[in-house]
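Engineer: So here's structure.txt, just compact mmCIF, C-alpha atoms:
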# COMPACT_ATOMS: atom_id res chain seq x y z
CA MET A 1 24.30 10.43 -15.76
CA SER A 2 20.90 8.99 -14.88
CA PRO A 3 20.41 5.27 -15.59
CA LEU A 4 16.79 6.06 -16.46
CA ASP A 5 15.61 7.20 -19.88
CA THR A 6 14.79 10.82 -19.02
CA ARG A 7 13.11 11.32 -22.40
CA VAL A 8 10.18 9.26 -21.10
CA PRO A 9 8.01 11.06 -18.51
CA ALA A 10 6.09 9.40 -15.69
CA VAL A 11 2.44 9.85 -14.75
CA LEU A 12 1.62 8.99 -11.13
CA LEU A 13 -2.07 8.21 -10.53
CA ARG A 14 -3.95 8.18 -7.23
CA THR A 15 -7.64 8.66 -6.38
CA ASP A 16 -7.39 7.99 -2.65
CA LEU A 17 -8.17 11.20 -0.73
CA ASN A 18 -5.59 10.74 2.05
CA PRO A 19 -3.52 13.96 1.87
CA PHE A 20 -0.71 12.36 3.90
CA HIS A 21 0.03 9.42 1.63
CA HIS A 22 3.82 9.49 1.87
CA GLY A 23 4.21 6.84 -0.82
CA THR A 24 3.09 9.43 -3.37
CA LEU A 25 5.90 11.73 -2.34
CA GLY A 26 8.34 8.82 -2.44
CA ALA A 27 7.43 8.09 -6.06
CA VAL A 28 7.64 11.77 -7.02
CA ARG A 29 11.12 12.07 -5.52
CA SER A 30 12.42 8.72 -6.75
CA LEU A 31 11.72 9.53 -10.40
CA GLY A 32 12.27 13.28 -10.16
CA ARG A 33 15.73 12.89 -8.67
CA ALA A 34 16.65 10.65 -11.59
CA GLY A 35 15.74 13.44 -14.02
CA VAL A 36 12.36 12.05 -15.10
CA GLU A 37 9.56 14.53 -15.81
CA VAL A 38 6.89 13.73 -13.20
CA HIS A 39 3.18 14.41 -13.67
CA LEU A 40 0.98 13.83 -10.61
CA VAL A 41 -2.69 12.95 -11.10
CA ALA A 42 -4.00 13.27 -7.54
CA ASP A 43 -5.87 15.59 -5.23
CA CYS A 44 -2.98 17.20 -3.35
CA ALA A 45 -4.48 20.62 -2.57
CA ALA A 46 -4.25 19.97 1.19
CA SER A 47 -1.19 17.73 1.01
CA PRO A 48 2.48 18.41 1.76
CA VAL A 49 3.23 16.58 -1.51
CA ARG A 50 2.11 19.60 -3.54
CA GLY A 51 5.26 21.50 -2.53
CA SER A 52 7.74 19.01 -3.99
CA ARG A 53 10.09 20.61 -6.45
CA PHE A 54 10.11 17.37 -8.45
CA ILE A 55 6.51 17.68 -9.68
CA ARG A 56 6.45 19.02 -13.23
CA ALA A 57 2.67 19.42 -13.33
CA PRO A 58 -0.34 18.42 -11.19
CA HIS A 59 -3.52 17.13 -12.82
CA ALA A 60 -7.06 16.65 -11.50
CA PRO A 61 -7.71 12.96 -10.69
CA PRO A 62 -10.82 10.86 -11.29
CA ARG A 63 -13.30 11.23 -8.44
CA PRO A 64 -13.37 8.51 -5.76
CA GLY A 65 -15.56 5.69 -7.02
CA ALA A 66 -15.08 6.76 -10.65
CA SER A 67 -16.16 4.44 -13.44
CA LEU A 68 -13.73 2.97 -15.95
CA ASP A 69 -14.97 5.48 -18.52
CA GLU A 70 -14.10 8.33 -16.15
CA PHE A 71 -10.61 6.91 -15.54
CA ALA A 72 -10.09 6.58 -19.30
CA ALA A 73 -11.24 10.15 -19.96
CA VAL A 74 -8.92 11.59 -17.30
CA LEU A 75 -5.92 9.60 -18.53
CA ARG A 76 -6.56 10.60 -22.15
CA ARG A 77 -6.70 14.24 -21.08
CA VAL A 78 -3.43 13.92 -19.15
CA ALA A 79 -1.76 12.13 -22.07
CA ALA A 80 -2.72 15.00 -24.38
CA ARG A 81 -1.07 17.47 -21.99
CA VAL A 82 2.07 15.37 -21.57
CA GLY A 83 2.38 15.04 -25.34
CA ARG A 84 4.33 11.77 -25.57
CA PRO A 85 4.10 8.21 -24.21
CA ALA A 86 4.72 8.02 -20.46
CA VAL A 87 5.25 5.34 -17.81
CA LEU A 88 2.02 5.11 -15.81
CA VAL A 89 2.32 4.32 -12.08
CA PRO A 90 -0.91 3.62 -10.15
CA LEU A 91 -0.44 4.38 -6.45
CA ASP A 92 -3.65 3.02 -4.93
CA ASP A 93 -5.75 -0.09 -5.44
CA ALA A 94 -8.61 1.66 -7.24
CA SER A 95 -6.17 3.08 -9.78
CA ALA A 96 -4.32 -0.23 -10.20
CA VAL A 97 -7.58 -2.08 -10.81
CA ALA A 98 -8.80 0.52 -13.34
CA VAL A 99 -5.49 0.61 -15.21
CA GLY A 100 -5.44 -3.18 -15.40
CA ARG A 101 -8.92 -3.20 -16.90
CA LEU A 102 -8.06 -0.39 -19.35
CA ARG A 103 -4.65 -1.72 -20.37
CA GLU A 104 -5.39 -2.28 -24.06
CA GLU A 105 -7.11 1.08 -24.37
CA LEU A 106 -4.17 2.90 -22.78
CA THR A 107 -1.27 1.35 -24.71
CA ASP A 108 -1.04 4.15 -27.28
CA ASP A 109 -0.38 6.75 -24.58
CA TYR A 110 1.24 4.85 -21.71
CA LEU A 111 3.89 2.21 -21.04
CA LEU A 112 2.49 -0.54 -18.82
CA PRO A 113 3.60 -3.98 -17.62
CA ALA A 114 2.11 -6.94 -19.44
CA GLY A 115 -0.19 -9.43 -17.76
CA PRO A 116 -3.81 -10.54 -17.49
CA PRO A 117 -6.05 -7.42 -17.39
CA ALA A 118 -8.13 -8.63 -14.42
CA LEU A 119 -5.23 -9.88 -12.29
CA ALA A 120 -4.76 -6.66 -10.29
CA GLU A 121 -8.44 -6.74 -9.39
CA GLN A 122 -8.26 -10.40 -8.43
CA VAL A 123 -5.31 -10.08 -6.04
CA ALA A 124 -6.54 -6.82 -4.50
CA ASP A 125 -9.89 -8.43 -3.68
CA LYS A 126 -9.31 -9.96 -0.26
CA ALA A 127 -11.88 -12.72 -0.73
CA GLU A 128 -10.41 -13.68 -4.11
CA LEU A 129 -6.93 -13.65 -2.60
CA ALA A 130 -8.00 -16.18 0.03
CA THR A 131 -9.28 -18.44 -2.74
CA LEU A 132 -6.04 -18.02 -4.70
CA CYS A 133 -3.95 -18.97 -1.67
CA GLY A 134 -6.05 -22.07 -1.15
CA ARG A 135 -5.61 -23.08 -4.77
CA LEU A 136 -1.84 -22.49 -4.71
CA GLY A 137 -1.27 -24.01 -1.29
CA LEU A 138 0.07 -20.77 0.20
CA PRO A 139 -0.39 -20.14 3.93
CA HIS A 140 -3.32 -17.80 4.61
CA PRO A 141 -5.41 -17.30 7.77
CA PRO A 142 -8.59 -19.42 7.79
CA THR A 143 -11.21 -17.25 6.05
CA THR A 144 -14.92 -17.43 5.38
CA VAL A 145 -17.25 -15.24 3.31
CA PRO A 146 -20.69 -15.41 4.94
CA ASP A 147 -23.87 -14.97 2.88
CA SER A 148 -26.05 -13.53 5.63
CA PRO A 149 -25.84 -11.85 9.05
CA ALA A 150 -26.74 -15.15 10.69
CA GLU A 151 -23.92 -16.91 8.83
CA ALA A 152 -21.54 -14.10 9.86
CA ALA A 153 -22.44 -14.60 13.52
CA ALA A 154 -22.00 -18.36 13.25
CA ALA A 155 -18.69 -18.02 11.38
CA ALA A 156 -17.32 -15.65 14.01
CA ARG A 157 -18.06 -18.19 16.72
CA GLU A 158 -16.58 -21.03 14.69
CA LEU A 159 -13.36 -19.18 13.84
CA GLY A 160 -12.95 -18.22 17.49
CA LEU A 161 -13.42 -14.67 18.78
CA PRO A 162 -11.94 -12.20 18.27
CA VAL A 163 -11.90 -12.37 14.47
CA VAL A 164 -10.71 -9.98 11.78
CA ALA A 165 -13.45 -8.55 9.54
CA LYS A 166 -12.47 -7.17 6.13
CA TRP A 167 -14.34 -5.72 3.20
CA SER A 168 -13.18 -7.64 0.16
CA ARG A 169 -12.83 -4.53 -2.04
CA PRO A 170 -11.93 -1.70 0.35
CA TRP A 171 -11.39 0.78 -2.48
CA LEU A 172 -15.18 0.77 -2.98
CA LEU A 173 -15.95 1.96 0.56
CA PRO A 174 -17.81 5.31 0.48
CA PRO A 175 -15.60 7.90 2.21
CA ASP A 176 -18.48 9.16 4.38
CA ALA A 177 -19.84 5.76 5.44
CA GLY A 178 -17.89 5.50 8.69
CA LEU A 179 -16.69 2.03 7.67
CA ARG A 180 -13.12 0.87 8.04
CA SER A 181 -11.45 -1.49 5.62
CA THR A 182 -10.43 -3.86 8.42
CA VAL A 183 -11.50 -4.18 12.05
CA VAL A 184 -11.25 -6.69 14.85
CA VAL A 185 -14.70 -7.83 15.96
CA ARG A 186 -15.15 -9.30 19.42
CA SER A 187 -18.69 -10.67 19.34
CA ALA A 188 -20.88 -12.62 16.97
CA GLY A 189 -23.43 -9.81 17.06
CA GLU A 190 -20.84 -7.35 15.90
CA ALA A 191 -20.01 -9.57 12.93
CA ALA A 192 -23.69 -9.81 12.03
CA ALA A 193 -24.12 -6.06 12.28
CA LEU A 194 -21.23 -5.48 9.91
CA HIS A 195 -22.67 -7.90 7.39
CA ARG A 196 -25.90 -5.88 7.32
CA ARG A 197 -23.88 -3.00 5.89
CA SER A 198 -22.55 -4.99 2.93
CA GLU A 199 -24.66 -3.11 0.39
CA GLN A 200 -23.42 0.21 1.76
CA ALA A 201 -19.81 -1.04 1.69
CA GLY A 202 -20.08 -2.10 -1.96
CA SER A 203 -18.38 -5.48 -1.53
CA ARG A 204 -18.48 -8.72 0.41
CA LEU A 205 -17.59 -9.05 4.07
CA LEU A 206 -15.07 -11.73 4.96
CA LEU A 207 -14.12 -13.00 8.38
CA GLN A 208 -10.64 -14.22 9.11
CA ALA A 209 -8.99 -16.00 12.00
CA PHE A 210 -7.13 -13.56 14.24
CA LEU A 211 -3.37 -14.01 14.29
CA PRO A 212 -1.73 -11.97 17.07
CA SER A 213 0.66 -9.23 15.99
CA GLY A 214 3.97 -8.44 17.63
CA LEU A 215 7.64 -7.81 17.10
CA ASP A 216 9.05 -10.23 14.49
CA ARG A 217 5.54 -11.22 13.44
CA ASP A 218 4.61 -8.47 10.96
CA TRP A 219 6.52 -8.62 7.67
CA PHE A 220 6.17 -7.19 4.19
CA PHE A 221 7.76 -7.73 0.81
CA HIS A 222 8.03 -5.17 -1.98
CA GLY A 223 9.18 -5.98 -5.47
CA TYR A 224 8.91 -5.40 -9.19
CA VAL A 225 8.40 -8.31 -11.59
CA ASP A 226 10.04 -7.48 -14.91
CA HIS A 227 9.04 -8.55 -18.43
CA ALA A 228 10.94 -11.84 -18.00
CA GLY A 229 9.22 -12.68 -14.69
CA VAL A 230 12.21 -11.85 -12.47
CA VAL A 231 11.57 -10.09 -9.14
CA ARG A 232 13.71 -6.96 -8.86
CA GLY A 233 14.08 -3.74 -6.93
CA GLY A 234 12.76 -4.74 -3.51
CA GLY A 235 13.06 -7.15 -0.63
CA PRO A 236 11.65 -8.35 2.70
CA GLY A 237 11.07 -5.95 5.57
CA ARG A 238 10.04 -6.10 9.19
CA LYS A 239 7.40 -3.81 10.62
CA LEU A 240 8.87 -2.34 13.81
CA ARG A 241 6.02 0.08 14.50
CA ALA A 242 2.59 0.59 13.01
CA TRP A 243 -0.39 2.89 13.24
CA PRO A 244 -2.89 1.87 14.46
CA PRO A 245 -0.70 -0.31 16.73
CA GLY A 246 -0.84 -3.95 15.79
CA ALA A 247 -1.06 -4.09 12.01
CA GLY A 248 -1.83 -0.71 10.55
CA LEU A 249 0.41 1.16 8.15
CA THR A 250 4.15 0.85 8.71
CA THR A 251 5.53 3.84 10.61
CA VAL A 252 9.00 2.35 11.22
CA GLY A 253 10.24 -0.46 9.01
CA ARG A 254 13.58 -2.18 8.51
CA TRP A 255 15.03 -4.06 5.54
CA THR A 256 15.59 -7.51 7.03
CA PRO A 257 16.71 -10.59 5.07
CA ASN A 258 14.13 -13.39 5.25
CA PRO A 259 14.53 -16.27 2.77
CA GLN A 260 11.11 -17.72 3.66
CA VAL A 261 9.23 -14.50 2.91
CA GLN A 262 11.26 -13.97 -0.27
CA ALA A 263 10.53 -17.49 -1.48
CA LEU A 264 6.79 -17.09 -0.82
CA ALA A 265 6.70 -13.80 -2.73
CA GLU A 266 8.54 -15.21 -5.73
CA ARG A 267 6.46 -18.38 -5.74
CA LEU A 268 3.21 -16.40 -5.69
CA THR A 269 4.09 -13.92 -8.45
CA ASP A 270 5.49 -16.71 -10.62
CA ALA A 271 2.38 -18.87 -10.22
CA LEU A 272 0.12 -15.95 -11.15
CA GLY A 273 2.21 -14.70 -14.05
CA TYR A 274 2.18 -11.31 -12.36
CA ARG A 275 4.07 -8.38 -13.90
CA GLY A 276 4.62 -4.99 -12.30
CA VAL A 277 5.09 -3.51 -8.83
CA PHE A 278 3.62 -5.31 -5.83
CA ASP A 279 3.47 -5.04 -2.04
CA LEU A 280 2.71 -8.07 0.14
CA ASP A 281 1.91 -8.26 3.86
CA PHE A 282 2.68 -11.32 5.94
CA ARG A 283 2.11 -12.34 9.54
CA HIS A 284 4.32 -14.87 11.23
CA GLU A 285 2.54 -17.41 13.41
CA GLY A 286 4.91 -18.19 16.25
CA ARG A 287 3.33 -21.51 17.18
CA THR A 288 3.92 -23.13 13.77
CA GLY A 289 6.60 -20.84 12.34
CA THR A 290 4.37 -20.20 9.30
CA TYR A 291 4.24 -16.92 7.37
CA HIS A 292 0.64 -16.22 6.37
CA LEU A 293 -0.09 -13.92 3.44
CA LEU A 294 -2.52 -11.20 4.53
CA ASP A 295 -2.65 -8.77 1.61
CA PHE A 296 -1.51 -8.41 -2.00
CA ASN A 297 -1.38 -4.80 -3.16
CA PRO A 298 -0.80 -4.53 -6.95
CA ARG A 299 1.07 -1.22 -6.72
CA PRO A 300 3.91 0.36 -4.71
CA GLY A 301 3.57 0.16 -0.94
CA ALA A 302 3.80 3.47 0.90
CA GLN A 303 7.23 2.58 2.36
CA PHE A 304 8.74 1.31 -0.91
CA ARG A 305 11.69 3.71 -0.60
CA LEU A 306 12.97 1.51 2.25
CA PHE A 307 14.20 -0.89 -0.41
CA THR A 308 16.69 1.38 -2.16
CA ASP A 309 19.75 -0.71 -2.99
CA THR A 310 23.41 0.24 -3.46
CA ALA A 311 22.70 1.11 -7.13
CA GLY A 312 19.94 3.52 -6.08
CA ILE A 313 17.21 1.27 -7.47
CA ASP A 314 13.77 0.93 -5.89
CA VAL A 315 10.64 -0.68 -7.33
CA VAL A 316 9.45 2.50 -9.07
CA ARG A 317 12.79 3.06 -10.78
CA ALA A 318 12.92 -0.63 -11.73
CA LEU A 319 9.49 -0.22 -13.35
CA HIS A 320 10.62 2.79 -15.40
CA LEU A 321 13.87 1.13 -16.46
CA ASP A 322 12.20 -2.11 -17.53
CA LEU A 323 9.33 -0.48 -19.44
CA THR A 324 11.72 1.78 -21.35
CA GLY A 325 13.88 -1.16 -22.39
CA ARG A 326 16.81 -0.41 -20.11
CA ARG A 327 18.71 -2.85 -17.94
CA VAL A 328 17.93 -2.76 -14.22
CA PRO A 329 21.34 -2.43 -12.46
CA ASP A 330 22.24 -5.20 -10.05
CA GLY A 331 22.61 -3.31 -6.78
CA ALA A 332 23.24 -5.05 -3.47
CA PRO A 333 20.62 -5.13 -0.69
CA VAL A 334 21.12 -2.83 2.31
CA PRO A 335 20.05 -4.94 5.32
CA GLY A 336 19.29 -2.79 8.35
CA ARG A 337 18.20 0.23 6.32
CA THR A 338 15.20 1.82 8.03
CA PHE A 339 12.26 3.95 6.94
CA VAL A 340 10.51 6.31 9.36
CA VAL A 341 7.22 8.18 8.90
CA GLU A 342 7.72 11.32 11.00
CA ASN A 343 4.10 12.25 11.69
CA TYR A 344 3.40 8.80 13.18
CA ALA A 345 6.80 8.18 14.80
CA PRO A 346 8.21 11.63 15.68
CA LEU A 347 10.45 10.44 18.52
CA THR A 348 12.06 7.82 16.30
CA ALA A 349 12.54 10.43 13.58
CA LEU A 350 14.30 12.78 16.01
CA ARG A 351 16.83 10.20 17.15
CA PRO A 352 20.33 10.65 15.75
CA ARG A 353 20.86 8.33 12.85
CA PRO A 354 21.62 5.55 12.45
CA LEU A 355 19.54 4.00 15.21
CA PRO A 356 21.68 2.37 17.93
CA HIS A 357 20.83 -1.12 16.70
CA ALA A 358 21.11 -0.33 12.97
CA PRO A 359 24.29 -0.62 10.88
CA SER A 360 26.38 2.52 10.53
CA ARG A 361 26.49 3.17 6.81
CA PRO A 362 25.52 5.95 4.42
CA GLY A 363 21.83 6.00 3.61
CA ALA A 364 20.97 3.70 6.51
CA ARG A 365 17.78 5.62 7.25
CA GLU A 366 15.23 7.54 5.18
CA LEU A 367 12.45 9.80 6.40
CA ALA A 368 9.13 9.79 4.60
CA TRP A 369 8.67 13.57 4.46
CA TYR A 370 11.88 15.45 5.17
CA ALA A 371 14.67 15.54 2.59
CA ARG A 372 17.52 18.02 2.23
CA ASP A 373 17.05 18.27 -1.51
CA ASP A 374 13.26 18.75 -1.26
CA ARG A 375 12.51 20.62 1.97
CA ALA A 376 9.07 22.07 1.27
CA PRO A 377 6.99 18.89 1.91
CA GLY A 378 8.72 18.22 5.23
CA LEU A 379 8.12 21.78 6.40
CA ALA A 380 4.51 21.81 5.19
CA LEU A 381 3.80 18.58 7.07
CA TRP A 382 4.02 20.26 10.46
CA SER A 383 1.57 23.01 9.57
CA LEU A 384 -0.97 20.67 7.94
CA TRP A 385 -0.75 17.52 10.05
CA PRO A 386 -1.85 18.91 13.48
CA ARG A 387 -5.04 20.34 12.01
CA HIS A 388 -5.77 17.11 10.14
CA ALA A 389 -5.15 14.91 13.19
CA LEU A 390 -7.26 17.15 15.44
CA GLY A 391 -10.10 17.10 12.92
CA ARG A 392 -10.01 13.30 12.83
CA LEU A 393 -10.06 13.09 16.62
CA LEU A 394 -13.04 15.43 16.90
CA ALA A 395 -15.03 13.96 14.02
CA PRO A 396 -18.03 11.91 15.18
CA ARG A 397 -17.85 8.20 14.38
CA ALA A 398 -20.94 6.28 13.41
CA PRO A 399 -21.65 3.63 16.07
CA LEU A 400 -21.77 0.03 14.95
CA PRO A 401 -25.19 -1.49 15.66
CA VAL A 402 -25.12 -4.87 17.39
CA GLN A 403 -27.69 -7.53 18.10
CA HIS A 404 -29.25 -7.49 21.56
CA ASP A 405 -28.49 -11.16 22.13
CA ASP A 406 -24.75 -10.53 22.19
CA ALA A 407 -22.65 -8.21 24.28
CA PRO A 408 -21.38 -5.38 22.06
CA GLY A 409 -17.74 -5.40 21.16
CA GLU A 410 -15.55 -2.36 21.17
CA ASN A 411 -14.99 -2.34 17.39
CA ARG A 412 -11.34 -1.59 17.97
CA ALA A 413 -9.12 -0.93 14.98
CA GLU A 414 -5.78 -2.23 16.19
CA ASN A 415 -5.61 -4.61 13.24
CA GLU A 416 -6.76 -2.01 10.74
CA LYS A 417 -4.78 -1.79 7.51
CA ALA A 418 -4.17 1.64 5.95
CA SER A 419 -7.11 3.43 7.49
CA SER A 420 -5.29 5.80 9.78
CA PRO A 421 -5.61 9.61 9.98
The structure in this file should be written as structure tokens.
Structural biologist:
Amino acid sequence: MSPLDTRVPAVLLRTDLNPFHHGTLGAVRSLGRAGVEVHLVADCAASPVRGSRFIRAPHAPPRPGASLDEFAAVLRRVAARVGRPAVLVPLDDASAVAVGRLREELTDDYLLPAGPPALAEQVADKAELATLCGRLGLPHPPTTVPDSPAEAAAAARELGLPVVAKWSRPWLLPPDAGLRSTVVVRSAGEAAALHRRSEQAGSRLLLQAFLPSGLDRDWFFHGYVDHAGVVRGGGPGRKLRAWPPGAGLTTVGRWTPNPQVQALAERLTDALGYRGVFDLDFRHEGRTGTYHLLDFNPRPGAQFRLFTDTAGIDVVRALHLDLTGRRVPDGAPVPGRTFVVENYAPLTALRPRPLPHAPSRPGARELAWYARDDRAPGLALWSLWPRHALGRLLAPRAPLPVQHDDAPGENRAENEKASSP
């Protein structure tokens, strides 16, 4: 018998156009396997996700860059089709921000965590997050938000090149602008040139001190904060591989106990009064032993299924249980459990499981796409992914203009977060 209340459906919401967002499939399967009726509001026409047998019905999403009124109209239309209150699960930052702003308007049709309506927007904004960390005394890389191209050039020199450049609200980036959410800039002129595109990007540019990546340096924490403020259904993980290499999306991750990361996550969510699912990224600075918070995503991270405990609970199931008034079972962590994204780490995926250095136990590894009880997405991946990857490789990239008084940098993306093919 399912621990979840299967009378209450779930509506999964995503406006991001990435057809290979494996976190969407993870949420579909997590709830669908528990017997929950799953409605997917996303553009999955060219996605392997569309083949999952656990999707009850697909729905057209709001367009990228949609207004709050458009989000509200789409969610009202979906609610009318579902016919009864449902748990609403935003799967990207734009959706999480919109749902937070619309919380009071949506309460008749959807079950949502409590909390300040603007909090999701505040933590997702990278400039606001830096301010929050300063106020709370949480470790965060030195960050500045320049007001002009000249200030950007000066700040880059002061922070020490190379520096990390981020758009504070990456969900506002136009899909055809040729801008990445995060890049490493290697000259002051490159920083100035990026700042000149602030109006096109739709948000502020911030510059951040570069902290080198590496094994044992890149960490994440996923969790769900319940109605009483208790963190459930997740844990700390170590990023073993990423794409792009350095600090992109996690392609191989491992559940690894880390009391320092756990304490930082719990301290932050408690101080903010945060409720709901969250995904944090940390970087460990070897010289000082400090874990710096890099990102706060107010929704499930793409690899959230890594943190499936011995009771079968992950952050999405914890959300459904809590919002429907059911107790979240107290499962034990599964240290050493790994999560592999096959299209980015095919050789790792093909290795016999468990990995030689992982514990030998049932469920010690999960693949993002292939599953014996839901084969269609895993099979579709290998017909859709090669064409997608080839198209990305052949697509022209807009060059980044630089000032003539500085040598141009390479605008590499090894520190890019979630902007891969």
Engineer: Choose the residue, out of A:Thr250, A:Ser67, A:Gln208, A:Ser52, that has the smallest atom-to-atom separation from Lys126 (chain A); count only C-alpha atoms.
Structural biologist: A:Gln208
Engineer: Would you compute the distance between CA of Ala94 (chain A) and CA of Thr131 (chain A)? Give it in Å to one decimal.
Structural biologist: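 According to the coordinates, CA of Ala94 (chain A) and CA of Thr131 (chain A) are separated by 20.6 Å.
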Engineer: For a quick check of understanding, using all atoms listed in the file, which of A:Val87, A:Val11, A:Leu119, A:Ala192 has the smallest distance to Ala318 (chain A)?
Structural biologist: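 Counting all atoms listed in the file, the residue closest to Ala318 (chain A) is A:Val87.
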Engineer: Which one of A:Ala165, A:Ala368, A:Ala193, A:Val184 sits closest to Pro244 (chain A) if you count all atoms listed in the file?
Structural biologist: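 Closest residue, counting all atoms listed in the file: A:Val184.
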Engineer: Taking into account all atoms listed in the file, which residue in the set A:Ala156, A:Leu129, A:Ala72, A:Leu13 is nearest to Ser95 (chain A)?
Structural biologist: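 Looking only at the distances to Ser95 (chain A), the closest residue turns out to be A:Leu13.
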Engineer: In Å, rounded to a single decimal, give me how far CA of Arg254 (chain A) is from CA of Leu306 (chain A).
Structural biologist: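 Taking CA of Leu306 (chain A) and CA of Arg254 (chain A), their separation equals 7.3 Å.
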Engineer: What gap, in Å, lies between CA of Gln200 (chain A) and CA of Phe71 (chain A)?
Structural biologist: 22.5 Å
Engineer: In terms of the shortest atom-to-atom distance over all atoms listed in the file, which of A:Val183, A:Pro377, A:Glu121, A:Leu68 is closest to Leu102 (chain A)?
Structural biologist: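 Of A:Val183, A:Pro377, A:Glu121, A:Leu68, the one nearest Leu102 (chain A), counting all atoms listed in the file, is A:Leu68.
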Engineer: Dig up all the protein and nucleic acid residues within 12 Å of (19.5, -1.5, -3.2) in the file frame, using all atoms listed in the file, and format them as number ranges by chain.
Structural biologist: A: 223, 232-236, 255, 304-315, 317-318, 328-337, 363-364
Engineer: Got time to write the residues from that selection, C-alpha atoms, as a PDB file, keeping the file's coordinate frame?
Structural biologist:
ATOM      1  CA  GLY A 223       9.180  -5.980  -5.470  1.00  0.00           C
ATOM      2  CA  ARG A 232      13.710  -6.960  -8.860  1.00  0.00           C
ATOM      3  CA  GLY A 233      14.080  -3.740  -6.930  1.00  0.00           C
ATOM      4  CA  GLY A 234      12.760  -4.740  -3.510  1.00  0.00           C
ATOM      5  CA  GLY A 235      13.060  -7.150  -0.630  1.00  0.00           C
ATOM      6  CA  PRO A 236      11.650  -8.350   2.700  1.00  0.00           C
ATOM      7  CA  TRP A 255      15.030  -4.060   5.540  1.00  0.00           C
ATOM      8  CA  PHE A 304       8.740   1.310  -0.910  1.00  0.00           C
ATOM      9  CA  ARG A 305      11.690   3.710  -0.600  1.00  0.00           C
ATOM     10  CA  LEU A 306      12.970   1.510   2.250  1.00  0.00           C
ATOM     11  CA  PHE A 307      14.200  -0.890  -0.410  1.00  0.00           C
ATOM     12  CA  THR A 308      16.690   1.380  -2.160  1.00  0.00           C
ATOM     13  CA  ASP A 309      19.750  -0.710  -2.990  1.00  0.00           C
ATOM     14  CA  THR A 310      23.410   0.240  -3.460  1.00  0.00           C
ATOM     15  CA  ALA A 311      22.700   1.110  -7.130  1.00  0.00           C
ATOM     16  CA  GLY A 312      19.940   3.520  -6.080  1.00  0.00           C
ATOM     17  CA  ILE A 313      17.210   1.270  -7.470  1.00  0.00           C
ATOM     18  CA  ASP A 314      13.770   0.930  -5.890  1.00  0.00           C
ATOM     19  CA  VAL A 315      10.640  -0.680  -7.330  1.00  0.00           C
ATOM     20  CA  ARG A 317      12.790   3.060 -10.780  1.00  0.00           C
ATOM     21  CA  ALA A 318      12.920  -0.630 -11.730  1.00  0.00           C
ATOM     22  CA  VAL A 328      17.930  -2.760 -14.220  1.00  0.00           C
ATOM     23  CA  PRO A 329      21.340  -2.430 -12.460  1.00  0.00           C
ATOM     24  CA  ASP A 330      22.240  -5.200 -10.050  1.00  0.00           C
ATOM     25  CA  GLY A 331      22.610  -3.310  -6.780  1.00  0.00           C
ATOM     26  CA  ALA A 332      23.240  -5.050  -3.470  1.00  0.00           C
ATOM     27  CA  PRO A 333      20.620  -5.130  -0.690  1.00  0.00           C
ATOM     28  CA  VAL A 334      21.120  -2.830   2.310  1.00  0.00           C
ATOM     29  CA  PRO A 335      20.050  -4.940   5.320  1.00  0.00           C
ATOM     30  CA  GLY A 336      19.290  -2.790   8.350  1.00  0.00           C
ATOM     31  CA  ARG A 337      18.200   0.230   6.320  1.00  0.00           C
ATOM     32  CA  GLY A 363      21.830   6.000   3.610  1.00  0.00           C
ATOM     33  CA  ALA A 364      20.970   3.700   6.510  1.00  0.00           C
TER      34      ALA A 364
END
Engineer: May I ask which of the residues A:Phe339, A:Leu293, A:Ala66, A:His222 is the closest one to Gly134 (chain A), counting only C-alpha atoms?
Structural biologist: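 Residue with the minimum atom-to-atom distance to Gly134 (chain A): A:Leu293.
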